[in-house]
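> Here you go, this is data.txt (compact mmCIF, C-alpha atoms and all ligand atoms).
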```txt
# COMPACT_ATOMS: atom_id res chain seq x y z
CA MET A 1 64.81 89.83 112.56
CA GLU A 2 64.60 87.04 115.09
CA ILE A 3 67.74 84.93 115.47
CA LYS A 4 66.97 81.54 117.01
CA ASN A 5 70.24 79.63 116.79
CA LEU A 6 73.31 81.79 116.43
CA MET A 7 76.68 80.23 115.67
CA VAL A 8 79.44 82.39 117.14
CA THR A 9 82.81 81.34 115.76
CA GLY A 10 85.88 82.06 117.88
CA GLY A 11 83.70 82.61 120.94
CA SER A 12 86.41 81.46 123.33
CA GLY A 13 88.77 84.26 122.32
CA PHE A 14 88.99 87.80 123.61
CA ILE A 15 86.20 89.65 121.78
CA GLY A 16 84.05 86.57 121.10
CA SER A 17 83.82 85.65 124.79
CA ASN A 18 82.97 89.22 125.74
CA PHE A 19 80.31 89.23 123.00
CA ILE A 20 78.67 86.02 124.24
CA ARG A 21 78.61 87.37 127.79
CA TYR A 22 77.11 90.64 126.52
CA LEU A 23 74.46 89.02 124.32
CA LEU A 24 73.19 86.57 126.92
CA LYS A 25 72.46 89.49 129.25
CA ARG A 26 70.28 91.33 126.75
CA ASN A 27 66.48 91.31 126.69
CA ASP A 28 66.35 91.68 122.90
CA PHE A 29 68.06 88.34 122.25
CA THR A 30 66.18 85.22 123.28
CA GLY A 31 67.89 82.65 121.08
CA ARG A 32 70.64 80.08 121.67
CA ILE A 33 74.35 80.52 121.08
CA ILE A 34 76.57 77.77 119.71
CA ASN A 35 80.19 78.70 120.19
CA ALA A 36 82.35 76.94 117.58
CA ASP A 37 85.98 77.36 118.54
CA LYS A 38 89.09 75.34 117.73
CA LEU A 39 90.78 76.44 120.98
CA THR A 40 94.05 77.61 119.55
CA TYR A 41 96.49 79.22 122.01
CA ALA A 42 94.20 82.30 121.99
CA GLY A 43 91.02 80.38 122.75
CA ASN A 44 90.54 79.78 126.43
CA PRO A 45 87.64 77.70 127.78
CA ASP A 46 88.09 79.45 131.16
CA ASN A 47 86.75 82.64 129.56
CA LEU A 48 83.19 81.26 129.59
CA LYS A 49 83.30 78.64 132.35
CA ASP A 50 80.57 80.36 134.38
CA ILE A 51 78.30 80.80 131.34
CA GLU A 52 78.67 77.13 130.43
CA LYS A 53 77.55 76.20 133.95
CA ASN A 54 74.79 78.76 134.40
CA CYS A 55 73.18 78.86 130.95
CA PRO A 56 73.09 75.28 129.63
CA GLU A 57 69.82 75.89 127.75
CA ARG A 58 71.06 78.90 125.87
CA TYR A 59 74.79 78.32 125.46
CA ARG A 60 76.68 75.39 124.01
CA PHE A 61 80.41 75.03 123.33
CA GLU A 62 81.59 72.92 120.39
CA ARG A 63 85.28 72.42 119.73
CA ALA A 64 85.54 72.82 115.97
CA ASP A 65 87.88 74.07 113.29
CA ILE A 66 86.34 76.42 110.71
CA CYS A 67 88.85 75.07 108.18
CA ASP A 68 87.16 71.65 108.45
CA PHE A 69 84.16 72.01 106.13
CA GLN A 70 82.51 68.73 107.05
CA GLN A 71 82.78 69.34 110.77
CA MET A 72 81.27 72.80 110.42
CA GLU A 73 78.47 71.57 108.18
CA GLU A 74 77.58 68.83 110.65
CA LEU A 75 77.48 71.36 113.50
CA TYR A 76 75.38 73.73 111.43
CA ARG A 77 72.77 71.04 110.75
CA ARG A 78 72.76 69.51 114.22
CA HIS A 79 72.08 72.87 115.89
CA ASP A 80 69.66 74.13 113.25
CA ILE A 81 71.73 77.30 112.85
CA ASP A 82 70.08 80.32 111.20
CA SER A 83 72.79 83.01 111.68
CA ILE A 84 76.54 83.28 112.07
CA CYS A 85 78.58 85.89 113.87
CA HIS A 86 82.11 85.24 112.70
CA PHE A 87 84.98 86.17 115.04
CA ALA A 88 87.29 83.15 114.59
CA ALA A 89 90.65 84.24 113.23
CA GLU A 90 94.34 84.25 113.79
CA SER A 91 94.58 87.76 115.15
CA HIS A 92 98.12 88.78 116.04
CA VAL A 93 100.15 90.81 113.53
CA ASP A 94 103.58 89.77 114.92
CA ARG A 95 102.71 86.07 114.57
CA SER A 96 101.49 86.66 111.01
CA ILE A 97 104.90 88.08 110.13
CA LYS A 98 106.70 84.98 111.45
CA ARG A 99 104.24 82.30 110.30
CA PRO A 100 101.57 83.52 107.85
CA ASP A 101 100.25 80.05 106.90
CA ALA A 102 97.68 79.70 109.70
CA PHE A 103 96.38 83.18 108.86
CA ILE A 104 95.72 82.21 105.26
CA ASN A 105 94.00 78.99 106.27
CA THR A 106 91.80 80.21 109.09
CA ASN A 107 91.08 83.75 108.01
CA ILE A 108 90.50 83.06 104.31
CA ILE A 109 89.66 79.37 103.83
CA GLY A 110 87.78 79.20 107.14
CA THR A 111 85.62 82.18 106.18
CA PHE A 112 85.02 80.71 102.72
CA ASN A 113 83.79 77.43 104.31
CA LEU A 114 81.29 79.26 106.50
CA LEU A 115 80.01 81.31 103.57
CA GLU A 116 79.55 78.17 101.49
CA ILE A 117 77.56 76.49 104.28
CA ALA A 118 75.39 79.59 104.66
CA ARG A 119 74.83 79.74 100.89
CA ALA A 120 73.79 76.09 100.76
CA ASN A 121 71.14 76.83 103.41
CA GLN A 122 70.06 80.16 102.07
CA ASN A 123 66.30 79.56 102.32
CA THR A 124 66.48 79.50 106.12
CA PHE A 125 69.61 81.62 106.63
CA ARG A 126 69.11 85.02 108.27
CA LEU A 127 72.45 86.78 108.79
CA PHE A 128 76.20 86.39 108.35
CA HIS A 129 77.94 89.07 110.41
CA HIS A 130 81.65 89.26 109.70
CA ILE A 131 84.00 90.82 112.26
CA SER A 132 86.91 92.64 110.69
CA THR A 133 89.52 95.24 111.43
CA ASP A 134 90.50 98.79 110.43
CA GLU A 135 93.95 97.38 109.54
CA VAL A 136 92.61 96.41 106.08
CA TYR A 137 92.80 100.11 105.15
CA GLY A 138 96.58 100.29 105.66
CA SER A 139 98.27 103.21 107.35
CA LEU A 140 97.37 106.90 107.72
CA GLY A 141 99.67 109.90 107.81
CA LYS A 142 99.24 112.63 110.41
CA GLU A 143 95.83 113.68 109.04
CA GLY A 144 92.66 111.93 107.97
CA LEU A 145 90.41 109.07 109.04
CA PHE A 146 89.45 105.68 107.57
CA SER A 147 85.90 105.65 106.26
CA GLU A 148 83.94 102.80 104.68
CA THR A 149 84.98 104.06 101.23
CA THR A 150 88.74 104.17 101.95
CA PRO A 151 90.51 101.79 99.53
CA TYR A 152 91.91 98.60 101.02
CA ARG A 153 95.71 98.66 101.38
CA PRO A 154 96.67 95.95 103.88
CA ASN A 155 100.34 95.87 104.93
CA SER A 156 100.73 92.73 107.05
CA PRO A 157 99.86 89.11 106.30
CA TYR A 158 97.24 89.43 109.07
CA SER A 159 95.52 92.45 107.53
CA ALA A 160 95.83 91.01 104.01
CA SER A 161 94.10 87.81 105.13
CA LYS A 162 91.34 89.80 106.83
CA ALA A 163 90.94 91.98 103.72
CA SER A 164 90.58 88.85 101.63
CA SER A 165 87.85 87.50 103.90
CA ASP A 166 86.01 90.86 103.80
CA HIS A 167 86.01 90.70 100.00
CA LEU A 168 84.60 87.18 100.06
CA VAL A 169 81.77 88.21 102.39
CA ARG A 170 80.98 91.19 100.16
CA ALA A 171 81.02 88.98 97.05
CA TYR A 172 78.61 86.46 98.61
CA ASN A 173 76.16 89.27 99.21
CA LYS A 174 76.52 90.80 95.75
CA THR A 175 76.60 87.50 93.82
CA TYR A 176 74.29 85.22 95.78
CA GLY A 177 72.25 87.72 97.78
CA LEU A 178 73.44 86.23 101.08
CA PRO A 179 72.30 88.51 103.95
CA THR A 180 75.59 89.85 105.28
CA THR A 181 76.95 92.70 107.36
CA ILE A 182 80.62 93.54 107.94
CA SER A 183 82.16 95.63 110.70
CA ASN A 184 85.71 97.02 110.61
CA CYS A 185 86.79 97.97 114.10
CA SER A 186 89.77 99.71 115.64
CA ASN A 187 91.99 98.27 118.42
CA ASN A 188 90.12 96.73 121.33
CA TYR A 189 91.20 96.37 124.94
CA GLY A 190 89.56 94.93 128.06
CA PRO A 191 89.23 91.70 130.07
CA TYR A 192 90.27 88.31 128.61
CA GLN A 193 92.66 89.67 125.98
CA PHE A 194 95.61 87.36 125.40
CA PRO A 195 98.79 89.02 126.75
CA GLU A 196 100.57 89.13 123.41
CA LYS A 197 98.71 92.35 122.51
CA LEU A 198 100.06 95.69 123.71
CA ILE A 199 97.81 96.58 126.66
CA PRO A 200 97.62 93.24 128.53
CA LEU A 201 101.30 92.56 127.80
CA ILE A 202 102.30 95.87 129.35
CA ILE A 203 99.99 95.43 132.36
CA LEU A 204 101.40 92.01 133.16
CA ASN A 205 105.05 92.88 132.48
CA ALA A 206 104.84 96.10 134.48
CA SER A 207 103.13 94.45 137.43
CA GLY A 208 105.76 91.69 137.36
CA GLY A 209 108.74 94.06 137.12
CA GLU A 210 109.67 92.93 133.58
CA ASP A 211 110.82 95.06 130.63
CA LEU A 212 108.14 96.92 128.67
CA PRO A 213 108.99 96.55 124.96
CA VAL A 214 108.01 99.58 122.89
CA TYR A 215 108.48 99.15 119.14
CA GLY A 216 110.40 101.85 117.24
CA ASP A 217 109.92 105.35 118.62
CA GLY A 218 106.63 104.51 120.38
CA LYS A 219 104.80 107.17 118.38
CA ASN A 220 102.60 104.84 116.32
CA VAL A 221 98.95 105.72 116.85
CA ARG A 222 95.96 103.43 117.31
CA ASP A 223 92.31 104.33 117.93
CA TRP A 224 91.27 102.43 121.08
CA LEU A 225 87.85 101.02 121.91
CA TYR A 226 86.74 99.23 125.08
CA VAL A 227 85.65 95.71 124.17
CA GLU A 228 82.12 96.04 125.56
CA ASP A 229 81.52 99.05 123.32
CA HIS A 230 82.63 96.91 120.37
CA CYS A 231 80.18 94.16 121.38
CA ASP A 232 77.38 96.72 121.59
CA ALA A 233 78.24 98.07 118.14
CA ILE A 234 78.24 94.56 116.64
CA TRP A 235 74.81 93.78 118.05
CA THR A 236 73.50 97.18 116.91
CA ILE A 237 74.66 96.38 113.36
CA MET A 238 73.31 92.83 113.46
CA LYS A 239 69.89 94.14 114.50
CA GLY A 240 69.57 97.24 112.36
CA GLY A 241 72.36 97.40 109.79
CA ASN A 242 71.45 97.31 106.12
CA ARG A 243 72.27 93.94 104.57
CA GLY A 244 75.25 94.02 102.22
CA GLU A 245 76.72 97.02 104.06
CA THR A 246 79.96 97.65 105.90
CA TYR A 247 80.18 99.72 109.10
CA ASN A 248 83.32 101.16 110.68
CA ILE A 249 83.53 101.05 114.47
CA GLY A 250 85.90 103.25 116.45
CA GLY A 251 86.53 104.71 119.85
CA ASN A 252 87.29 108.27 118.88
CA ARG A 253 90.39 107.90 121.02
CA GLU A 254 93.72 108.13 119.25
CA MET A 255 96.70 107.35 121.44
CA GLU A 256 100.43 106.98 120.83
CA ASN A 257 101.73 103.64 122.10
CA LEU A 258 104.24 105.24 124.44
CA ALA A 259 101.53 107.35 126.10
CA ILE A 260 99.50 104.19 126.79
CA VAL A 261 102.49 102.41 128.28
CA GLU A 262 103.14 105.39 130.54
CA MET A 263 99.48 105.52 131.62
CA VAL A 264 99.54 101.84 132.56
CA CYS A 265 102.77 102.36 134.54
CA ASP A 266 101.28 105.29 136.44
CA MET A 267 98.05 103.42 137.25
CA LEU A 268 100.04 100.46 138.57
CA ASP A 269 102.29 102.72 140.63
CA GLU A 270 99.14 104.15 142.18
CA ILE A 271 97.35 100.81 142.77
CA LEU A 272 100.33 98.64 143.80
CA GLU A 273 102.57 101.47 145.01
CA VAL A 274 106.15 102.03 143.93
CA ASP A 275 108.63 99.43 145.16
CA ALA A 276 112.45 99.47 145.43
CA GLN A 277 112.76 99.27 141.62
CA GLY A 278 111.27 102.77 141.39
CA PRO A 279 108.51 104.04 139.10
CA ARG A 280 107.42 101.46 136.54
CA ARG A 281 108.18 103.86 133.68
CA ASN A 282 111.84 102.87 134.32
CA LEU A 283 110.99 99.49 132.75
CA ILE A 284 110.21 101.01 129.33
CA THR A 285 112.60 99.57 126.73
CA PHE A 286 112.64 100.73 123.11
CA VAL A 287 113.11 97.71 120.84
CA LYS A 288 113.52 97.06 117.12
CA ASP A 289 110.49 98.16 115.13
CA ARG A 290 107.96 95.70 113.67
CA PRO A 291 108.50 95.28 109.88
CA GLY A 292 105.81 97.10 107.88
CA HIS A 293 104.58 98.74 111.10
CA ASP A 294 101.52 100.87 110.29
CA ARG A 295 102.02 104.38 111.60
CA ARG A 296 98.52 105.52 112.40
CA TYR A 297 94.98 104.19 112.45
CA ALA A 298 91.95 106.41 113.07
CA ILE A 299 88.32 105.65 112.36
CA ASP A 300 85.43 107.70 111.06
CA PHE A 301 82.36 105.92 112.42
CA SER A 302 79.83 108.60 111.42
CA LYS A 303 77.86 106.08 109.30
CA LEU A 304 77.21 103.91 112.36
CA ARG A 305 76.39 106.98 114.46
CA SER A 306 74.00 108.56 111.98
CA GLU A 307 72.28 105.39 110.69
CA LEU A 308 72.09 103.38 113.89
CA ASP A 309 72.63 105.93 116.64
CA TRP A 310 75.67 104.16 118.12
CA VAL A 311 78.40 105.91 120.09
CA PRO A 312 81.03 104.45 122.42
CA GLU A 313 80.29 104.86 126.13
CA GLU A 314 83.47 104.00 128.01
CA SER A 315 86.20 106.63 128.32
CA PHE A 316 89.75 105.43 127.71
CA GLU A 317 90.82 106.32 131.27
CA SER A 318 87.98 104.41 132.95
CA GLY A 319 88.23 101.47 130.52
CA LEU A 320 91.95 101.18 131.04
CA ARG A 321 91.56 101.32 134.82
CA LYS A 322 88.92 98.56 134.71
CA THR A 323 91.24 96.50 132.49
CA VAL A 324 94.26 96.96 134.77
CA ARG A 325 92.15 95.90 137.77
CA TRP A 326 90.77 92.88 135.91
CA TYR A 327 94.28 91.54 135.20
CA LEU A 328 95.35 92.14 138.80
CA GLU A 329 92.25 90.42 140.18
CA ASN A 330 92.31 87.40 137.85
CA SER A 331 95.63 85.90 138.81
CA GLU A 332 94.47 82.32 138.10
CA TRP A 333 93.59 83.18 134.49
CA VAL A 334 96.89 85.04 134.12
CA ALA A 335 98.92 82.21 135.70
CA ARG A 336 97.44 79.71 133.23
CA VAL A 337 98.20 81.66 130.06
CA LYS A 338 101.63 82.69 131.32
CA SER A 339 102.60 79.19 132.56
CA LYS A 340 105.73 77.56 131.11
CA GLU A 341 103.67 74.60 129.82
CA TYR A 342 101.25 76.88 127.97
CA GLN A 343 103.99 79.05 126.54
CA SER A 344 106.07 76.10 125.34
CA TRP A 345 102.98 74.54 123.75
CA ILE A 346 102.49 77.82 121.86
CA ASP A 347 106.14 77.90 120.77
CA GLU A 348 105.88 74.31 119.54
CA HIS A 349 102.69 74.92 117.53
CA TYR A 350 103.11 78.50 116.43
CA GLY A 351 106.85 79.17 116.44
CA SER A 352 108.62 81.16 119.16
P1 LIG B 401 91.63 86.14 119.62
O1 LIG B 401 92.90 85.75 119.01
O2 LIG B 401 91.59 86.53 121.07
O3 LIG B 401 90.55 84.98 119.46
C1 LIG B 401 90.41 84.25 118.27
C2 LIG B 401 89.55 83.03 118.57
O4 LIG B 401 89.39 82.29 117.35
C3 LIG B 401 90.20 82.07 119.57
O5 LIG B 401 89.24 81.63 120.52
C4 LIG B 401 90.68 80.91 118.70
O6 LIG B 401 90.72 79.67 119.40
C5 LIG B 401 89.64 80.92 117.61
N1 LIG B 401 90.13 80.30 116.36
C6 LIG B 401 91.29 80.55 115.72
N2 LIG B 401 91.41 79.76 114.64
C7 LIG B 401 90.27 79.00 114.58
C8 LIG B 401 89.79 78.01 113.68
N3 LIG B 401 90.51 77.60 112.64
N4 LIG B 401 88.57 77.47 113.92
C9 LIG B 401 87.82 77.85 114.98
N5 LIG B 401 88.24 78.77 115.88
C10 LIG B 401 89.44 79.34 115.68
O7 LIG B 401 91.06 87.32 118.71
P2 LIG B 401 90.19 88.59 119.08
O8 LIG B 401 91.10 89.69 119.42
O9 LIG B 401 89.09 88.19 119.98
O10 LIG B 401 89.60 88.91 117.63
C11 LIG B 401 88.35 88.36 117.20
C12 LIG B 401 88.02 88.90 115.82
O11 LIG B 401 87.97 90.33 115.86
C13 LIG B 401 89.06 88.56 114.76
O12 LIG B 401 88.37 88.26 113.56
C14 LIG B 401 89.87 89.82 114.60
O13 LIG B 401 90.40 89.94 113.31
C15 LIG B 401 88.82 90.88 114.87
N6 LIG B 401 89.31 92.18 115.40
C16 LIG B 401 90.09 92.21 116.51
C17 LIG B 401 90.49 93.44 117.04
C18 LIG B 401 91.33 93.54 118.28
O14 LIG B 401 91.75 94.63 118.67
N7 LIG B 401 91.60 92.45 118.99
C19 LIG B 401 90.09 94.62 116.40
C20 LIG B 401 89.27 94.54 115.27
C21 LIG B 401 88.88 93.30 114.79
P1 LIG B 402 99.04 95.14 118.95
O1 LIG B 402 98.40 95.06 120.29
O2 LIG B 402 99.87 93.99 118.49
O3 LIG B 402 97.86 95.48 117.92
P2 LIG B 402 97.95 95.86 116.34
O4 LIG B 402 99.30 95.57 115.83
O5 LIG B 402 96.92 94.95 115.76
O6 LIG B 402 97.58 97.31 116.28
O7 LIG B 402 99.95 96.43 118.90
C1 LIG B 402 99.42 97.72 119.17
C2 LIG B 402 100.54 98.72 118.93
O8 LIG B 402 101.54 98.52 119.94
C3 LIG B 402 101.25 98.55 117.61
O9 LIG B 402 101.61 99.82 117.10
C4 LIG B 402 102.50 97.75 117.95
C5 LIG B 402 102.81 98.22 119.36
N1 LIG B 402 103.44 97.21 120.25
C6 LIG B 402 104.60 97.56 120.96
O10 LIG B 402 105.12 98.69 120.85
N2 LIG B 402 105.15 96.62 121.79
C7 LIG B 402 104.62 95.38 121.93
O11 LIG B 402 105.19 94.54 122.68
C8 LIG B 402 103.44 95.04 121.20
C9 LIG B 402 102.82 93.67 121.32
C10 LIG B 402 102.87 96.00 120.37
```
Go ahead and express the file in the form of structure tokens.

Amino acid sequence: MEIKNLMVTGGSGFIGSNFIRYLLKRNDFTGRIINADKLTYAGNPDNLKDIEKNCPERYRFERADICDFQQMEELYRRHDIDSICHFAAESHVDRSIKRPDAFINTNIIGTFNLLEIARANQNTFRLFHHISTDEVYGSLGKEGLFSETTPYRPNSPYSASKASSDHLVRAYNKTYGLPTTISNCSNNYGPYQFPEKLIPLIILNASGGEDLPVYGDGKNVRDWLYVEDHCDAIWTIMKGGNRGETYNIGGNREMENLAIVEMVCDMLDEILEVDAQGPRRNLITFVKDRPGHDRRYAIDFSKLRSELDWVPEESFESGLRKTVRWYLENSEWVARVKSKEYQSWIDEHYGS
């Protein structure tokens, strides 16, 4: 399957920007990438500044809202798109609890628009790859893993909106024969993640001597995957995955939140040394739990391993260390997203 003009939606966000960087380095992709991103608070043009400068023939940024059908259709035609890799979404559970409306619009209506455009161009369309989450499966008890056949039981407005979009993608394959693949991945971490999510938030708060908020008892479990491993899994599925199929992606690395926070504190104590405030673990503050907080996620990715020979490469320790160093070394990026102007713009548009 040769992709010539790939539309990546949400390519200025955390995983999308890592994916574009990853794909442009590969020998088995020779096409062009059109990054269609609305630039919400989570979309940051700085994430791909160097790519924009160094790869003008193969990479193009277009500011666009996937909820605007006409705008997306015009982009699709102008760039002669043949495939879509769909990352664009509102992605933060806590924001979905406070203000679900943007999640319904972008995650459901936005996905529907893209599917409709692909369907209208079906004679030349090659692949719609939809990026989703393990959160659609709900919450696990102490035992068990999510597999591709686990029933959907989303618990937050975020996961419900993602579940809805997954169902639409599936239906477009079953009903119209649209060539689709879906991936449901566990929690990612790595460079360029917006510091509202656990790991970057803790790195930045701990390095700045601020409180480290841990929800509830800190014993909720997530299965963590380094972002580059996620990108590699996505590309593996796009190349070799059976059309109409879903693949789970996981890191095989279950961690309790509190253990992660402690690891970050210890790494920072080692890299920056302990100051007069004492060990950074002293900053840990247990706060009120998130409503509907899923207790445990864990992924069975044996389908991806056995069908497409994919396994994650980065260990959690080395990935976390790389991530901590990235945030310490990219103070300009951090200063921008943490600036008062940026934060008050977010509060104004998204609620504080
Ligand atoms: P992110 O919030 O960092 O980035 C989302 C991007 O989408 C931003 O660049 C934003 O500007 C863009 N966007 C939002 N609304 C848009 C709209 N209406 N039109 C066009 N662009 C819009 O998110 P992320 O963490 O990179 O997640 C990317 C995808 O991966 C999402 O679909 C998410 O559900 C999924 N996912 C994330 C994780 C994770 O751990 N972060 C895990 C599994 C799946
Ligand atoms: P998060 O990064 O928001 O990802 P998700 O909710 O999609 O899994 O949160 C990861 C875990 O960390 C989750 O169990 C909630 C918890 N958490 C905290 O304890 N404190 C925080 O400040 C945040 C943002 C999350």
> Could you pull the residues within 12 Å of Met267 (chain A), counting only C-alpha atoms, minus those fewer than 2 positions along the same chain, as a PDB file with C-alpha atoms, in the frame of the given file?

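That gives us result10.pdb:
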```
ATOM      1  CA  ILE A 202     102.300  95.870 129.350  1.00  0.00           C
ATOM      2  CA  ILE A 203      99.990  95.430 132.360  1.00  0.00           C
ATOM      3  CA  ALA A 206     104.840  96.100 134.480  1.00  0.00           C
ATOM      4  CA  SER A 207     103.130  94.450 137.430  1.00  0.00           C
ATOM      5  CA  ILE A 260      99.500 104.190 126.790  1.00  0.00           C
ATOM      6  CA  VAL A 261     102.490 102.410 128.280  1.00  0.00           C
ATOM      7  CA  GLU A 262     103.140 105.390 130.540  1.00  0.00           C
ATOM      8  CA  MET A 263      99.480 105.520 131.620  1.00  0.00           C
ATOM      9  CA  VAL A 264      99.540 101.840 132.560  1.00  0.00           C
ATOM     10  CA  CYS A 265     102.770 102.360 134.540  1.00  0.00           C
ATOM     11  CA  ASP A 269     102.290 102.720 140.630  1.00  0.00           C
ATOM     12  CA  GLU A 270      99.140 104.150 142.180  1.00  0.00           C
ATOM     13  CA  ILE A 271      97.350 100.810 142.770  1.00  0.00           C
ATOM     14  CA  LEU A 272     100.330  98.640 143.800  1.00  0.00           C
ATOM     15  CA  GLU A 273     102.570 101.470 145.010  1.00  0.00           C
ATOM     16  CA  VAL A 274     106.150 102.030 143.930  1.00  0.00           C
ATOM     17  CA  PRO A 279     108.510 104.040 139.100  1.00  0.00           C
ATOM     18  CA  ARG A 280     107.420 101.460 136.540  1.00  0.00           C
ATOM     19  CA  ARG A 281     108.180 103.860 133.680  1.00  0.00           C
ATOM     20  CA  GLU A 317      90.820 106.320 131.270  1.00  0.00           C
ATOM     21  CA  SER A 318      87.980 104.410 132.950  1.00  0.00           C
ATOM     22  CA  LEU A 320      91.950 101.180 131.040  1.00  0.00           C
ATOM     23  CA  ARG A 321      91.560 101.320 134.820  1.00  0.00           C
ATOM     24  CA  LYS A 322      88.920  98.560 134.710  1.00  0.00           C
ATOM     25  CA  THR A 323      91.240  96.500 132.490  1.00  0.00           C
ATOM     26  CA  VAL A 324      94.260  96.960 134.770  1.00  0.00           C
ATOM     27  CA  ARG A 325      92.150  95.900 137.770  1.00  0.00           C
ATOM     28  CA  LEU A 328      95.350  92.140 138.800  1.00  0.00           C
TER      29      LEU A 328
END
```
> So how many Å separate CA of Gly216 (chain A) and atom C14 of ligand LIG 401 (chain B), to one decimal?
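Separation of CA of Gly216 (chain A) and atom C14 of ligand LIG 401 (chain B): 23.9 Å.
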> Considering only C-alpha atoms and all ligand atoms, can you say which of A:Ala42, A:Ile34, A:Val287, A:Leu212 comes closest to ligand LIG 401 (chain B)?
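Smallest distance to ligand LIG 401 (chain B) is found for A:Ala42.
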> Using all atoms listed in the file, I'd like a table of the residues in chain A that come within 9 Å of ligand LIG 402 (chain B); for each, show the closest atom pair and its distance in Å rounded to one decimal, ordered by chain and ascending number, as CSV.

```
residue,atom,partner,partner_atom,distance
A:Ser91,CA,B:LIG402,O5,7.6
A:His92,CA,B:LIG402,O2,6.0
A:Val93,CA,B:LIG402,O4,5.4
A:Asp94,CA,B:LIG402,O2,6.7
A:Thr133,CA,B:LIG402,O5,8.6
A:Glu135,CA,B:LIG402,O5,7.3
A:Tyr158,CA,B:LIG402,O5,8.7
A:Ser159,CA,B:LIG402,O5,8.7
A:Ser186,CA,B:LIG402,O6,8.2
A:Asn187,CA,B:LIG402,O6,6.1
A:Asn188,CA,B:LIG402,O1,8.5
A:Tyr189,CA,B:LIG402,O1,8.7
A:Pro195,CA,B:LIG402,C9,8.2
A:Glu196,CA,B:LIG402,C9,5.5
A:Lys197,CA,B:LIG402,O1,3.5
A:Leu198,CA,B:LIG402,O1,3.9
A:Ile199,CA,B:LIG402,O1,6.6
A:Pro200,CA,B:LIG402,O1,8.5
A:Leu201,CA,B:LIG402,O11,6.7
A:Ile202,CA,B:LIG402,O11,7.4
A:Leu212,CA,B:LIG402,O11,7.1
A:Pro213,CA,B:LIG402,O11,4.9
A:Val214,CA,B:LIG402,O10,3.6
A:Tyr215,CA,B:LIG402,O10,3.8
A:Gly216,CA,B:LIG402,O10,7.1
A:Asp217,CA,B:LIG402,O10,8.5
A:Gly218,CA,B:LIG402,O10,6.0
A:Lys219,CA,B:LIG402,O9,8.1
A:Asn220,CA,B:LIG402,O9,5.2
A:Val221,CA,B:LIG402,O9,6.5
A:Arg222,CA,B:LIG402,O6,6.4
A:Asp223,CA,B:LIG402,O6,8.9
A:Glu256,CA,B:LIG402,O9,8.2
A:Asn257,CA,B:LIG402,O8,5.6
A:Leu258,CA,B:LIG402,O10,7.5
A:Val261,CA,B:LIG402,O10,8.7
A:Phe286,CA,B:LIG402,O10,8.1
A:Val287,CA,B:LIG402,O10,8.0
A:Asp289,CA,B:LIG402,O10,7.9
A:Arg290,CA,B:LIG402,C4,7.2
A:His293,CA,B:LIG402,O9,6.8
A:Asp294,CA,B:LIG402,O9,6.9
A:Arg295,CA,B:LIG402,O9,7.2
A:Arg296,CA,B:LIG402,O9,8.0
A:Tyr297,CA,B:LIG402,O6,8.3
```
> Identify which of the residues A:Leu39, A:Val8, A:Leu308, A:Ile3 lies closest to ligand LIG 401 (chain B), counting all atoms listed in the file when measuring atom-to-atom distances.
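Checking each candidate against ligand LIG 401 (chain B), we get A:Leu39 as the closest.
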> Rounded to one decimal place, report the CA of Gly43 (chain A)-atom O3 of ligand LIG 401 (chain B) distance in Å.
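Taking CA of Gly43 (chain A) and atom O3 of ligand LIG 401 (chain B), their separation equals 5.7 Å.
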> Expressed in Å to a single decimal, how great is the separation between CA of Gly244 (chain A) and CA of Phe61 (chain A)?
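Value for the CA of Gly244 (chain A)-CA of Phe61 (chain A) distance: 28.9 Å.
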> List the neighbours of Ser83 (chain A) out to 8 Å using all atoms listed in the file; skip same-chain residues closer than 2 positions along the sequence, and give me the result as a tab-separated table (two decimals) with C-alpha atoms, in the coordinates of the input.

```tsv
chain	number	residue	atom	x	y	z
A	3	ILE	CA	67.74	84.93	115.47
A	5	ASN	CA	70.24	79.63	116.79
A	6	LEU	CA	73.31	81.79	116.43
A	7	MET	CA	76.68	80.23	115.67
A	81	ILE	CA	71.73	77.30	112.85
A	85	CYS	CA	78.58	85.89	113.87
A	125	PHE	CA	69.61	81.62	106.63
A	126	ARG	CA	69.11	85.02	108.27
A	127	LEU	CA	72.45	86.78	108.79
A	128	PHE	CA	76.20	86.39	108.35
```
> If you count only C-alpha atoms, which residues fall within 8 Å of Tyr152 (chain A), apart from same-chain ones fewer than 2 positions away, as a list of chain:residue names?
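Residues meeting the cut-off are A:Val136, A:Tyr137, A:Gly138, A:Thr150, A:Pro154, A:Ala163.
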> Need the shell around region 230-234 of chain A: protein/DNA/RNA residues with any atom at most 8 Å away, counting only C-alpha atoms. Skip same-chain ones fewer than 6 positions apart. Format as a VMD selection string?
chain A and resid 15 18 to 19 22 183 185 188 249 310 312
> I need the residue nearest Arg21 (chain A) from this list: A:Leu140, A:Ile346, A:Val227, A:Ala89. Use all atoms listed in the file for the distance.
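The answer is A:Val227, which sits nearest to Arg21 (chain A).
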> Counting all atoms listed in the file, which residues come within 10 Å of (77.2, 73.1, 107.8), with the point read in the file's coordinates, and could you list them as a list in words?
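Those residues lying close to the given coordinates are Phe69, Gln70, Gln71, Met72, Glu73, Glu74, Leu75, Tyr76, Arg77, Arg78, His79, Asp80, Ile81, Asn113, Leu114, Leu115, Glu116, Ile117, Ala118, Arg119, Ala120 and Asn121 of chain A.
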> Of the candidates A:Ala64, A:Ala298, A:Ile284, A:Leu204, which one gets nearest to ligand LIG 401 (chain B) if we count only C-alpha atoms and all ligand atoms?
A:Ala64
> Dig up all the protein and nucleic acid residues within 9 Å of (84.0, 107.9, 105.8) in the file frame, using all atoms listed in the file, and format them as a list in words.
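Collected hits near the coordinates: Leu145, Phe146, Ser147, Glu148, Thr149, Thr150, Asn248, Ile299, Asp300, Phe301, Ser302 and Lys303 of chain A.
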